[in-house]
Protein chains: 2
Amino acid sequence: MALNELKKDIEKISTKTMADIVEIRLREFLKKKSFKPGDQLPKEIELAEALGVSRNVVREALSRLRMLGMIETKKKRGMVLGRPDILGAFEKVLDPLIIDNDTLQNIFELRLVLEMGLADLLYVSKTKKDIDELEAIAKKEVTDDSFRIKNEIAFHGKLYEMTGNATLKRFQIMLLPIFAYVVTLEKKPTRGKVSHLDLVALLRKGDKEAFRKGMLAHLQPHFDRLKK
Amino acid sequence: MALNELKKDIEKISTKTMADIVEIRLREFLKKKSFKPGDQLPKEIELAEALGVSRNVVREALSRLRMLGMIETKKKRGMVLGRPDILGAFEKVLDPLIIDNDTLQNIFELRLVLEMGLADLLYVSKTKKDIDELEAIAKKEVTDDSFRIKNEIAFHGKLYEMTGNATLKRFQIMLLPIFAYVVTLEKKPTRGKVSHLDLVALLRKGDKEAFRKGMLAHLQPHFDRLKK
DNA sequence: AAATTTGATATGTAGTACATAATGACTACT
DNA sequence: AGTAGTCATTATGTACTACATATCAAATTT
């Protein structure tokens with residue numbers, strides 16, 4: 001196809017709307033002025049006049065920034081710069097059904113990378129209490145295969161929680177639907193040679209490398225799938 | 001503080017605007033109808049009438065979804081469901097200056113986790129050509145400390161690229177500013193005992209575990225900082 | 001001095017009007 | 001017949017006006 005070559009040679013004409021442009025300009029404005037959270041921002045009418053567009057357009061752009069938490073507004077008091085929830089925006093878009101397959105696969109791999117990299121952080125922050133709780137979770141697991149994904153979620157979720165990193169934990173929760181979705185695409189359920197209880201034992205014994213090897217063995221079926 | 005307890009007992013009164021609500025409702029609508037990318041959506045006026053709000057409000061909500069790439073609009077042709085760029089939304093919010101310190105720290109840790117978990121994926125996809133290129137990058141590095149961050153970016157960026165995972169690579173690029181920012185908070189530049197060239201050698205020799213240990217040593221100064 | 005009222009103000013919502021681009025049908029011409 | 005050209009149609013894009021609503025601050029009352 002010559003189409004791909006064409007696309008490289010001819011740049012797509014920009015069909016940006018005013019709202020798109022205003023959004024960009026507002027972003028630049030916030031950055032250039034290096035506002036900090038809580039700082040007062042100009043009012044809508046002023047922005048509209050300064051930009052030479054209707055208040056309507058400004059509001060559409062502001063609405064976007066507001067959704068991301070970048071700004072907060074109160075009647076009469078006006079707008080202030082907010083503290084955006086970083087993962088919030090991400091979360092809104094993460095729907096397995098509208099993500100293309102390549103990206104789904106990529107996210108699946110990302111999840112595996114996280115899982116394998118967890119050990120070092122875990123060994124910095126784990127406590128005996130954590131391990132006990134983790135063991136309780138592993139022991140409570142039902143062998144019934146239909147509960148398998150639930151077991152996985154509970155166990156691995158606890159692992160992330162043990163890092164004490166709230167962002168990481170939430171990130172993991174967000175990736176769960178993707179993970180579950182990709183797993184359901186499998187024909188037959190595959191199990192690694194190392195069980196959750198094995199992992200708990202490894203954690204307790206205290207050898208970081210051993211734990212990592214165990215985790216790899218636990219996830220091996222997933223890695224095997226990547227090789228094709 | 002009794003405030004935290006109070007917050008649990010008393011739910012925050014919802015001060016959602018119409019645009020907020022419409023955004024939620026539209027999301028639900030898209031999900032319930034299980035539209036696929038490219039599917040035609042109702043027009044603005046119909047949505048406004050169905051929801052009992054002005055077209056203005058609907059447009060504000062649509063503007064948000066449009067920003068995320070969830071919908072695409074063309075004049076006369078109407079709206080169709082789009083393929084959102086997952087990381088796009090994330091990218092828009094990722095500014096070190098407006099993220100609070102705890103989250104910055106969390107993201108920094110997340111980055112370390114990724115780095116440590118990279119090995120397994122890397123050993124699935126690495127090629128000799130990749131390693132040669134990586135070595136070229138490492139050899140080109142200048143010893144001047146002022147170029148240190150540039151060196152880091154080039155080298156580690158290439159590592160992510162070698163995984164063949166575009167999402168992961170882009171995710172890493174997005175995290176760079178955060179990483180650089182946190183590193184600049186350090187008093188004195190710290191160097192791990194394993195250099196980039198050492199890592200290349202380890203990669204070439206082919207032992208996954210050795211490479212991971214090397215990476216850990218390379219990043220050790222960063223991990224040391226976490227322990228306090 | 002404390003409490004209440006009142007006015008001013010910035011955002012939130014509604015509604016109207018028109019511009020603009022894409023579509024498709026219809027017409028005319030060779 | 002088939003191509004080119006015209007024109008009405010339609011859904012989004014932009015502008016403007018008007019008013020509701022919450023909130024702050026000053027003025028007034030007690």
# chains A, B, ... in the order shown; residues from 1 in each chain; ligands from 1
$ calpha_fit_rmsd --fixed "chain B" --moving "chain A"
0.3 Å
$ interface_residues --of "chain A" --to "chain C" --cutoff "8 Å" --atoms "only C-alpha atoms (C1' of nucleotides)" --output "JSON, numbers by chain"
{"A": [43, 73, 74, 75, 76, 77, 78]}
$ interface_residues --of "chain D" --to "chain A" --cutoff "10 Å" --atoms "only C-alpha atoms (C1' of nucleotides)" --output "PyMOL selection string"
chain D and resi 13-16+21-24
$ interface_residues --of "chain A" --to "chain B" --cutoff "7 Å" --atoms "only C-alpha atoms" --output "list in words"
Lys36, Pro37, Glu60, Ser63, Arg64, Arg83, Pro84, Ile86, Leu87, Ala89, Phe90, Val93, Leu94, Ile98, Ile99, Thr103, Asn106, Leu110, Val113, Leu114, Met116, Gly117, Leu118, Val124, Asn165, Thr167, Leu168 and Lys227 of chain A
$ select_by_dssp --residues "range 52-193 of chain A" --states "alpha helix (DSSP H)" --output "MDAnalysis selection string"
chainID A and resid 55:67 86:93 101:125 128:139 148:162 166:184
$ write_last_selection --atoms "C-alpha atoms" --output "PDB file, in the first residue's frame"
ATOM      1  CA  ARG A  55     -17.594  32.284  26.490  1.00  0.00           C
ATOM      2  CA  ASN A  56     -19.146  29.107  25.222  1.00  0.00           C
ATOM      3  CA  VAL A  57     -15.929  27.877  23.678  1.00  0.00           C
ATOM      4  CA  VAL A  58     -13.943  28.804  26.749  1.00  0.00           C
ATOM      5  CA  ARG A  59     -16.362  26.842  28.875  1.00  0.00           C
ATOM      6  CA  GLU A  60     -15.967  23.754  26.741  1.00  0.00           C
ATOM      7  CA  ALA A  61     -12.212  23.917  27.163  1.00  0.00           C
ATOM      8  CA  LEU A  62     -12.500  24.619  30.867  1.00  0.00           C
ATOM      9  CA  SER A  63     -14.913  21.740  31.198  1.00  0.00           C
ATOM     10  CA  ARG A  64     -12.192  19.427  29.948  1.00  0.00           C
ATOM     11  CA  LEU A  65      -9.623  20.729  32.362  1.00  0.00           C
ATOM     12  CA  ARG A  66     -12.152  20.523  35.139  1.00  0.00           C
ATOM     13  CA  MET A  67     -12.822  16.882  34.362  1.00  0.00           C
ATOM     14  CA  ILE A  86      -3.238  11.470  37.849  1.00  0.00           C
ATOM     15  CA  LEU A  87      -4.873   8.117  37.495  1.00  0.00           C
ATOM     16  CA  GLY A  88      -8.354   9.516  37.250  1.00  0.00           C
ATOM     17  CA  ALA A  89      -7.992  10.452  33.632  1.00  0.00           C
ATOM     18  CA  PHE A  90      -6.447   7.127  32.826  1.00  0.00           C
ATOM     19  CA  GLU A  91      -9.250   5.301  34.522  1.00  0.00           C
ATOM     20  CA  LYS A  92     -11.918   6.940  32.437  1.00  0.00           C
ATOM     21  CA  VAL A  93     -10.545   5.540  29.230  1.00  0.00           C
ATOM     22  CA  ASN A 101      -5.857  -5.762  20.616  1.00  0.00           C
ATOM     23  CA  ASP A 102      -2.247  -4.674  20.298  1.00  0.00           C
ATOM     24  CA  THR A 103      -2.625  -2.225  23.135  1.00  0.00           C
ATOM     25  CA  LEU A 104      -4.422  -4.811  25.239  1.00  0.00           C
ATOM     26  CA  GLN A 105      -1.486  -7.119  24.736  1.00  0.00           C
ATOM     27  CA  ASN A 106       0.900  -4.316  25.623  1.00  0.00           C
ATOM     28  CA  ILE A 107      -0.918  -3.578  28.828  1.00  0.00           C
ATOM     29  CA  PHE A 108      -0.928  -7.227  29.669  1.00  0.00           C
ATOM     30  CA  GLU A 109       2.839  -7.267  29.326  1.00  0.00           C
ATOM     31  CA  LEU A 110       3.114  -4.079  31.345  1.00  0.00           C
ATOM     32  CA  ARG A 111       1.308  -5.841  34.129  1.00  0.00           C
ATOM     33  CA  LEU A 112       3.743  -8.740  33.993  1.00  0.00           C
ATOM     34  CA  VAL A 113       6.668  -6.330  34.153  1.00  0.00           C
ATOM     35  CA  LEU A 114       5.200  -4.697  37.243  1.00  0.00           C
ATOM     36  CA  GLU A 115       4.649  -8.022  38.888  1.00  0.00           C
ATOM     37  CA  MET A 116       8.227  -9.111  38.290  1.00  0.00           C
ATOM     38  CA  GLY A 117       9.658  -5.799  39.454  1.00  0.00           C
ATOM     39  CA  LEU A 118       7.669  -5.781  42.659  1.00  0.00           C
ATOM     40  CA  ALA A 119      10.127  -7.811  44.708  1.00  0.00           C
ATOM     41  CA  ASP A 120      12.628  -5.057  45.471  1.00  0.00           C
ATOM     42  CA  LEU A 121      10.006  -2.615  46.617  1.00  0.00           C
ATOM     43  CA  LEU A 122       8.269  -5.339  48.564  1.00  0.00           C
ATOM     44  CA  TYR A 123      11.364  -6.229  50.508  1.00  0.00           C
ATOM     45  CA  VAL A 124      11.790  -2.640  51.541  1.00  0.00           C
ATOM     46  CA  SER A 125       8.334  -2.314  53.007  1.00  0.00           C
ATOM     47  CA  LYS A 128       5.264  -9.682  59.369  1.00  0.00           C
ATOM     48  CA  LYS A 129       1.674  -8.596  59.746  1.00  0.00           C
ATOM     49  CA  ASP A 130       1.424  -8.155  55.990  1.00  0.00           C
ATOM     50  CA  ILE A 131       2.705 -11.630  55.343  1.00  0.00           C
ATOM     51  CA  ASP A 132       0.279 -13.109  57.823  1.00  0.00           C
ATOM     52  CA  GLU A 133      -2.604 -11.392  56.100  1.00  0.00           C
ATOM     53  CA  LEU A 134      -1.337 -12.524  52.731  1.00  0.00           C
ATOM     54  CA  GLU A 135      -1.167 -16.070  53.973  1.00  0.00           C
ATOM     55  CA  ALA A 136      -4.715 -15.829  55.256  1.00  0.00           C
ATOM     56  CA  ILE A 137      -5.826 -14.776  51.794  1.00  0.00           C
ATOM     57  CA  ALA A 138      -3.958 -17.626  50.146  1.00  0.00           C
ATOM     58  CA  LYS A 139      -5.359 -20.191  52.564  1.00  0.00           C
ATOM     59  CA  ARG A 148      -9.684 -18.458  40.074  1.00  0.00           C
ATOM     60  CA  ILE A 149      -9.679 -14.871  38.887  1.00  0.00           C
ATOM     61  CA  LYS A 150     -11.133 -13.697  42.198  1.00  0.00           C
ATOM     62  CA  ASN A 151      -8.316 -15.478  44.010  1.00  0.00           C
ATOM     63  CA  GLU A 152      -5.715 -13.931  41.765  1.00  0.00           C
ATOM     64  CA  ILE A 153      -7.121 -10.469  42.315  1.00  0.00           C
ATOM     65  CA  ALA A 154      -7.189 -10.795  46.072  1.00  0.00           C
ATOM     66  CA  PHE A 155      -3.716 -12.225  46.366  1.00  0.00           C
ATOM     67  CA  HIS A 156      -1.868 -10.022  43.925  1.00  0.00           C
ATOM     68  CA  GLY A 157      -3.800  -6.988  45.048  1.00  0.00           C
ATOM     69  CA  LYS A 158      -2.549  -7.558  48.564  1.00  0.00           C
ATOM     70  CA  LEU A 159       0.994  -7.772  47.229  1.00  0.00           C
ATOM     71  CA  TYR A 160       0.695  -4.333  45.688  1.00  0.00           C
ATOM     72  CA  GLU A 161      -0.854  -3.031  48.855  1.00  0.00           C
ATOM     73  CA  MET A 162       2.132  -4.254  50.834  1.00  0.00           C
ATOM     74  CA  ALA A 166      -1.032   3.969  46.909  1.00  0.00           C
ATOM     75  CA  THR A 167      -0.524   5.015  43.316  1.00  0.00           C
ATOM     76  CA  LEU A 168       0.905   1.667  42.376  1.00  0.00           C
ATOM     77  CA  LYS A 169      -1.904  -0.137  44.120  1.00  0.00           C
ATOM     78  CA  ARG A 170      -4.530   1.864  42.320  1.00  0.00           C
ATOM     79  CA  PHE A 171      -2.778   1.495  39.033  1.00  0.00           C
ATOM     80  CA  GLN A 172      -2.863  -2.230  39.491  1.00  0.00           C
ATOM     81  CA  ILE A 173      -6.560  -2.186  40.255  1.00  0.00           C
ATOM     82  CA  MET A 174      -7.164  -0.306  37.055  1.00  0.00           C
ATOM     83  CA  LEU A 175      -5.252  -2.854  35.041  1.00  0.00           C
ATOM     84  CA  LEU A 176      -7.238  -5.739  36.485  1.00  0.00           C
ATOM     85  CA  PRO A 177     -10.086  -5.681  33.971  1.00  0.00           C
ATOM     86  CA  ILE A 178      -7.572  -5.773  31.151  1.00  0.00           C
ATOM     87  CA  PHE A 179      -5.715  -8.617  32.749  1.00  0.00           C
ATOM     88  CA  ALA A 180      -8.861 -10.581  33.399  1.00  0.00           C
ATOM     89  CA  TYR A 181     -10.084  -9.930  29.896  1.00  0.00           C
ATOM     90  CA  VAL A 182      -6.918 -11.163  28.238  1.00  0.00           C
ATOM     91  CA  VAL A 183      -6.866 -14.213  30.466  1.00  0.00           C
ATOM     92  CA  THR A 184     -10.406 -15.136  29.489  1.00  0.00           C
TER      93      THR A 184
END
$ select_by_dssp --residues "range 13-217 of chain B" --states "strand (DSSP E)" --output "ChimeraX atom specification"
/B:40-41,71-74,78-81
$ atom_distance --atom1 "CA of Leu26 in chain B" --atom2 "CA of Leu51 in chain B"
9.7 Å
